[in-house]
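Below is one structure, written out as structure tokens, with a few remarks after it.
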Amino acid sequence: LKSLPSSIGLLNQLREVDMSECENLTHLPESFGDLKSLKKLTIGGSSGTGNKVLTSLPNTLPSSLEYLNLDKCKVLEKLPESIGDLGCLTELHMRECKAITELPSSIGNCTRLVTASFSKCVSLTNLPDSIGNWCDIEDIILTKCKRLEEVPESIGKCSSIALLDLRGCKRLSSLPDFFGELKNLRILDLSDCKNLLAVPDSIGNLTRLQQFHTKNCPG
């Protein structure tokens, strides 16, 4: 499957679209944004090769989306600015989106996000300050984001975070002082952060922390 017809936008009762392992899918029609009932969209894949040809998404995605899985969309270059219009989105999965270098600041408008996974987004260099608006976020996964250089101070506003996984972020050298504001953090994994020089004193404020991993951090 290489494409879908524009007429798919007429399916106003459609609630789920799963295109996982459609490795030759080159584009989605702009009419995708007309799917007003769509709750769940999966592109790429998890167990196979994923997708190596899809470089962009439609400029507008259905505002009804609650679950968006782009795992292994390996040449996807960016998310549309309209991602911020997904006010119902609770899960965003982008594992191995290897061409993504940054996230649009509008992503901070996805204030209902509970899980955000960017593991192995090896070209991602930073996160926008707007992630501080993720007031419901519980899990942020950045495993092996090898070019990620810093975590924005605004992360201190994400008071619901329970899991922060930064394993293998080899260019990460420090954490913001506002880190201590993450009062609900249970698991912090900094394993293999080989350039990490220090952890802020404010870590002592993380009174609910249950697991703290710093294996192989020679710094």
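Scheme for the structure tokens: letters A, B, ... for chains in order shown; per-chain residue numbers from 1; ligand numbers from 1 in order shown.
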
Residue contacts of A:Gly219 (9 Å, only C-alpha atoms) excluding same-chain residues fewer than 3 positions away, as a list in words: Ser173, Cys193, Lys194, Asn195, Leu196, Leu197, Ala198 and Asn216 of chain A

Name the residues in contact with A:Leu127 at a cut-off of 7 Å, using only C-alpha atoms, excluding same-chain residues fewer than 3 positions from it; report them as an MDAnalysis selection string. chainID A and resid 102:103 151:152

May I have the residues within 8 Å of stretch 53-62 of chain A as number ranges by chain, using only C-alpha atoms and disregarding those fewer than 2 positions away in the same chain? A: 23-30, 32-38, 51, 64-65, 73-83, 86

Since we have the selection now, will you write its residues out, keeping N, CA and C atoms, as a PDB file, in the first residue's frame?
```
ATOM      1  N   GLU A  23       5.138  -0.532   4.839  1.00  0.00           N
ATOM      2  CA  GLU A  23       6.467   0.069   4.680  1.00  0.00           C
ATOM      3  C   GLU A  23       6.617   0.908   3.424  1.00  0.00           C
ATOM      4  N   ASN A  24       5.691   0.788   2.465  1.00  0.00           N
ATOM      5  CA  ASN A  24       5.780   1.564   1.232  1.00  0.00           C
ATOM      6  C   ASN A  24       4.805   2.734   1.180  1.00  0.00           C
ATOM      7  N   LEU A  25       4.140   3.009   2.295  1.00  0.00           N
ATOM      8  CA  LEU A  25       3.206   4.135   2.348  1.00  0.00           C
ATOM      9  C   LEU A  25       3.975   5.453   2.215  1.00  0.00           C
ATOM     10  N   THR A  26       3.693   6.201   1.158  1.00  0.00           N
ATOM     11  CA  THR A  26       4.467   7.415   0.879  1.00  0.00           C
ATOM     12  C   THR A  26       3.801   8.689   1.374  1.00  0.00           C
ATOM     13  N   HIS A  27       2.469   8.695   1.449  1.00  0.00           N
ATOM     14  CA  HIS A  27       1.803   9.904   1.944  1.00  0.00           C
ATOM     15  C   HIS A  27       0.372   9.607   2.348  1.00  0.00           C
ATOM     16  N   LEU A  28      -0.174  10.522   3.136  1.00  0.00           N
ATOM     17  CA  LEU A  28      -1.577  10.474   3.537  1.00  0.00           C
ATOM     18  C   LEU A  28      -2.269  11.693   2.945  1.00  0.00           C
ATOM     19  N   PRO A  29      -3.499  11.540   2.484  1.00  0.00           N
ATOM     20  CA  PRO A  29      -4.196  12.688   1.889  1.00  0.00           C
ATOM     21  C   PRO A  29      -4.552  13.741   2.935  1.00  0.00           C
ATOM     22  N   GLU A  30      -4.640  14.982   2.503  1.00  0.00           N
ATOM     23  CA  GLU A  30      -5.002  16.063   3.410  1.00  0.00           C
ATOM     24  C   GLU A  30      -6.403  15.869   3.997  1.00  0.00           C
ATOM     25  N   PHE A  32      -7.455  13.530   5.477  1.00  0.00           N
ATOM     26  CA  PHE A  32      -7.364  12.794   6.736  1.00  0.00           C
ATOM     27  C   PHE A  32      -7.849  13.659   7.900  1.00  0.00           C
ATOM     28  N   GLY A  33      -7.619  14.935   7.783  1.00  0.00           N
ATOM     29  CA  GLY A  33      -8.032  15.855   8.831  1.00  0.00           C
ATOM     30  C   GLY A  33      -9.535  15.965   8.991  1.00  0.00           C
ATOM     31  N   ASP A  34     -10.285  15.418   8.005  1.00  0.00           N
ATOM     32  CA  ASP A  34     -11.752  15.484   8.055  1.00  0.00           C
ATOM     33  C   ASP A  34     -12.372  14.323   8.823  1.00  0.00           C
ATOM     34  N   LEU A  35     -11.537  13.409   9.302  1.00  0.00           N
ATOM     35  CA  LEU A  35     -12.047  12.230  10.017  1.00  0.00           C
ATOM     36  C   LEU A  35     -12.380  12.621  11.456  1.00  0.00           C
ATOM     37  N   LYS A  36     -13.519  13.234  11.641  1.00  0.00           N
ATOM     38  CA  LYS A  36     -13.878  13.876  12.910  1.00  0.00           C
ATOM     39  C   LYS A  36     -14.106  12.898  14.060  1.00  0.00           C
ATOM     40  N   SER A  37     -14.256  11.597  13.754  1.00  0.00           N
ATOM     41  CA  SER A  37     -14.496  10.608  14.809  1.00  0.00           C
ATOM     42  C   SER A  37     -13.261   9.774  15.120  1.00  0.00           C
ATOM     43  N   LEU A  38     -12.166  10.015  14.406  1.00  0.00           N
ATOM     44  CA  LEU A  38     -10.977   9.174  14.546  1.00  0.00           C
ATOM     45  C   LEU A  38     -10.336   9.354  15.924  1.00  0.00           C
ATOM     46  N   ASN A  51       8.384   2.105   8.522  1.00  0.00           N
ATOM     47  CA  ASN A  51       8.197   2.830   7.270  1.00  0.00           C
ATOM     48  C   ASN A  51       9.442   3.662   6.968  1.00  0.00           C
ATOM     49  N   SER A  64      -9.907  14.941  17.044  1.00  0.00           N
ATOM     50  CA  SER A  64     -10.485  13.935  17.944  1.00  0.00           C
ATOM     51  C   SER A  64      -9.471  12.882  18.377  1.00  0.00           C
ATOM     52  N   LEU A  65      -8.275  12.879  17.790  1.00  0.00           N
ATOM     53  CA  LEU A  65      -7.278  11.839  18.075  1.00  0.00           C
ATOM     54  C   LEU A  65      -6.914  11.784  19.554  1.00  0.00           C
ATOM     55  N   CYS A  73       8.663   5.371  11.914  1.00  0.00           N
ATOM     56  CA  CYS A  73       8.549   6.189  10.700  1.00  0.00           C
ATOM     57  C   CYS A  73       9.922   6.839  10.533  1.00  0.00           C
ATOM     58  N   LYS A  74      10.833   6.111   9.946  1.00  0.00           N
ATOM     59  CA  LYS A  74      12.260   6.408  10.064  1.00  0.00           C
ATOM     60  C   LYS A  74      12.738   7.626   9.283  1.00  0.00           C
ATOM     61  N   VAL A  75      11.964   8.065   8.295  1.00  0.00           N
ATOM     62  CA  VAL A  75      12.387   9.258   7.548  1.00  0.00           C
ATOM     63  C   VAL A  75      11.396  10.418   7.715  1.00  0.00           C
ATOM     64  N   LEU A  76      10.474  10.270   8.648  1.00  0.00           N
ATOM     65  CA  LEU A  76       9.562  11.380   8.946  1.00  0.00           C
ATOM     66  C   LEU A  76      10.370  12.568   9.451  1.00  0.00           C
ATOM     67  N   GLU A  77      10.254  13.704   8.769  1.00  0.00           N
ATOM     68  CA  GLU A  77      11.142  14.836   9.050  1.00  0.00           C
ATOM     69  C   GLU A  77      10.621  15.773  10.135  1.00  0.00           C
ATOM     70  N   LYS A  78       9.314  15.855  10.274  1.00  0.00           N
ATOM     71  CA  LYS A  78       8.770  16.775  11.274  1.00  0.00           C
ATOM     72  C   LYS A  78       7.305  16.467  11.542  1.00  0.00           C
ATOM     73  N   LEU A  79       6.816  17.011  12.645  1.00  0.00           N
ATOM     74  CA  LEU A  79       5.398  16.972  12.950  1.00  0.00           C
ATOM     75  C   LEU A  79       4.776  18.278  12.464  1.00  0.00           C
ATOM     76  N   PRO A  80       3.543  18.243  12.011  1.00  0.00           N
ATOM     77  CA  PRO A  80       2.902  19.498  11.590  1.00  0.00           C
ATOM     78  C   PRO A  80       2.633  20.403  12.786  1.00  0.00           C
ATOM     79  N   GLU A  81       2.647  21.703  12.549  1.00  0.00           N
ATOM     80  CA  GLU A  81       2.341  22.662  13.612  1.00  0.00           C
ATOM     81  C   GLU A  81       0.963  22.399  14.216  1.00  0.00           C
ATOM     82  N   SER A  82       0.083  21.837  13.414  1.00  0.00           N
ATOM     83  CA  SER A  82      -1.284  21.589  13.875  1.00  0.00           C
ATOM     84  C   SER A  82      -1.357  20.481  14.915  1.00  0.00           C
ATOM     85  N   ILE A  83      -0.215  19.842  15.243  1.00  0.00           N
ATOM     86  CA  ILE A  83      -0.220  18.841  16.304  1.00  0.00           C
ATOM     87  C   ILE A  83      -0.769  19.452  17.587  1.00  0.00           C
ATOM     88  N   LEU A  86      -4.464  18.964  18.768  1.00  0.00           N
ATOM     89  CA  LEU A  86      -4.959  17.668  19.245  1.00  0.00           C
ATOM     90  C   LEU A  86      -5.167  17.726  20.755  1.00  0.00           C
TER      91      LEU A  86
END
```

Excluding A:Arg171 and its own-chain neighbours fewer than 6 positions away, which residues fall within 7 Å of it when counting only C-alpha atoms? Please give them as a PDB file with N, CA, C and O atoms, in the first residue's frame.
```
ATOM      1  N   LYS A 146      20.482  10.244  21.224  1.00  0.00           N
ATOM      2  CA  LYS A 146      21.927  10.435  21.347  1.00  0.00           C
ATOM      3  C   LYS A 146      22.392  11.867  21.137  1.00  0.00           C
ATOM      4  O   LYS A 146      23.510  12.215  21.523  1.00  0.00           O
ATOM      5  N   ARG A 147      21.574  12.697  20.500  1.00  0.00           N
ATOM      6  CA  ARG A 147      21.972  14.084  20.254  1.00  0.00           C
ATOM      7  C   ARG A 147      21.275  15.077  21.171  1.00  0.00           C
ATOM      8  O   ARG A 147      21.499  16.283  21.054  1.00  0.00           O
ATOM      9  N   LEU A 148      20.451  14.570  22.056  1.00  0.00           N
ATOM     10  CA  LEU A 148      19.759  15.454  22.995  1.00  0.00           C
ATOM     11  C   LEU A 148      20.777  16.066  23.955  1.00  0.00           C
ATOM     12  O   LEU A 148      21.480  15.353  24.664  1.00  0.00           O
ATOM     13  N   GLU A 149      20.853  17.382  23.971  1.00  0.00           N
ATOM     14  CA  GLU A 149      21.884  18.072  24.749  1.00  0.00           C
ATOM     15  C   GLU A 149      21.381  18.617  26.076  1.00  0.00           C
ATOM     16  O   GLU A 149      22.177  18.814  26.996  1.00  0.00           O
ATOM     17  N   ASN A 195      28.135  11.782  29.376  1.00  0.00           N
ATOM     18  CA  ASN A 195      28.680  13.136  29.565  1.00  0.00           C
ATOM     19  C   ASN A 195      28.048  13.855  30.743  1.00  0.00           C
ATOM     20  O   ASN A 195      28.369  15.028  30.991  1.00  0.00           O
TER      21      ASN A 195
END
```

With a distance cut-off of 10 Å and only C-alpha atoms, select the neighbouring residues of A:His93, excluding the residue or stretch itself and same-chain residues fewer than 4 positions from it, and output the selection as a PyMOL selection string. chain A and resi 42+67-72+97+115-119+141

Using DSSP on the backbone coordinates, identify all residues within stretch 46-107 of chain A classified as helix (DSSP H, G or I); present the result as a VMD selection string. chain A and resid 81 to 85 105 to 107

What would the file look like if the residues just selected were written as a CSV table (one decimal), in the first residue's frame with N, CA and C atoms?
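Output (result_0.csv):
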```
chain,number,residue,atom,x,y,z
A,81,GLU,N,2.6,21.7,12.5
A,81,GLU,CA,2.3,22.7,13.6
A,81,GLU,C,1.0,22.4,14.2
A,82,SER,N,0.1,21.8,13.4
A,82,SER,CA,-1.3,21.6,13.9
A,82,SER,C,-1.4,20.5,14.9
A,83,ILE,N,-0.2,19.8,15.2
A,83,ILE,CA,-0.2,18.8,16.3
A,83,ILE,C,-0.8,19.5,17.6
A,84,GLY,N,-0.6,20.7,17.7
A,84,GLY,CA,-1.1,21.4,18.9
A,84,GLY,C,-2.6,21.5,19.0
A,85,ASP,N,-3.3,21.2,17.9
A,85,ASP,CA,-4.7,21.2,17.9
A,85,ASP,C,-5.3,19.9,18.5
A,105,SER,N,6.8,23.9,18.8
A,105,SER,CA,6.5,24.4,20.1
A,105,SER,C,5.0,24.2,20.4
A,106,SER,N,4.2,24.1,19.3
A,106,SER,CA,2.7,23.9,19.5
A,106,SER,C,2.4,22.6,20.2
A,107,ILE,N,3.3,21.7,20.2
A,107,ILE,CA,3.1,20.4,20.9
A,107,ILE,C,2.7,20.6,22.4
```

Using Å and a single decimal, report how far atom CA of A:Thr111 sits from atom CA of A:Glu16. 21.8 Å

Based on the backbone DSSP call, show me all residues of chain A assigned strand (DSSP E), as number ranges by chain. A: 16-20, 40-44, 67-69, 91-93, 115-117, 139-141, 163-165, 187-189, 211-213

Output the selection as a PDB file, in the first residue's frame - C-alpha atoms for each residue.
```
ATOM      1  CA  GLU A  16      -9.420   3.678  14.223  1.00  0.00           C
ATOM      2  CA  VAL A  17      -6.878   3.404  11.394  1.00  0.00           C
ATOM      3  CA  ASP A  18      -3.969   0.948  11.680  1.00  0.00           C
ATOM      4  CA  MET A  19      -1.328   1.127   8.947  1.00  0.00           C
ATOM      5  CA  SER A  20       1.477  -0.530  10.862  1.00  0.00           C
ATOM      6  CA  LYS A  40      -6.608   6.048  17.149  1.00  0.00           C
ATOM      7  CA  LEU A  41      -4.042   6.300  14.345  1.00  0.00           C
ATOM      8  CA  THR A  42      -1.085   3.951  13.900  1.00  0.00           C
ATOM      9  CA  ILE A  43       1.533   4.364  11.175  1.00  0.00           C
ATOM     10  CA  GLY A  44       4.933   2.701  10.934  1.00  0.00           C
ATOM     11  CA  TYR A  67      -3.719   7.935  20.390  1.00  0.00           C
ATOM     12  CA  LEU A  68      -1.042   8.598  17.751  1.00  0.00           C
ATOM     13  CA  ASN A  69       1.617   5.980  17.042  1.00  0.00           C
ATOM     14  CA  GLU A  91      -0.595   9.010  23.980  1.00  0.00           C
ATOM     15  CA  LEU A  92       2.122   9.926  21.500  1.00  0.00           C
ATOM     16  CA  HIS A  93       4.582   7.250  20.399  1.00  0.00           C
ATOM     17  CA  THR A 115       2.563   9.267  27.690  1.00  0.00           C
ATOM     18  CA  ALA A 116       5.148  10.714  25.300  1.00  0.00           C
ATOM     19  CA  SER A 117       7.751   8.323  23.886  1.00  0.00           C
ATOM     20  CA  ASP A 139       5.732   9.115  31.299  1.00  0.00           C
ATOM     21  CA  ILE A 140       8.389  10.844  29.196  1.00  0.00           C
ATOM     22  CA  ILE A 141      10.676   8.384  27.423  1.00  0.00           C
ATOM     23  CA  LEU A 163       8.714   8.110  34.825  1.00  0.00           C
ATOM     24  CA  LEU A 164      11.530  10.025  33.148  1.00  0.00           C
ATOM     25  CA  ASP A 165      13.762   7.797  31.039  1.00  0.00           C
ATOM     26  CA  ILE A 187      11.561   6.362  38.291  1.00  0.00           C
ATOM     27  CA  LEU A 188      14.530   8.352  37.000  1.00  0.00           C
ATOM     28  CA  ASP A 189      16.887   6.541  34.624  1.00  0.00           C
ATOM     29  CA  GLN A 211      14.168   3.953  41.387  1.00  0.00           C
ATOM     30  CA  PHE A 212      17.268   5.975  40.475  1.00  0.00           C
ATOM     31  CA  HIS A 213      19.621   4.557  37.825  1.00  0.00           C
TER      32      HIS A 213
END
```

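Among A:Ser159, A:Thr125, A:Asn109, A:Ser154, the residue with the shortest atom-to-atom distance to A:Ile137, counting only C-alpha atoms, is A:Ser159.
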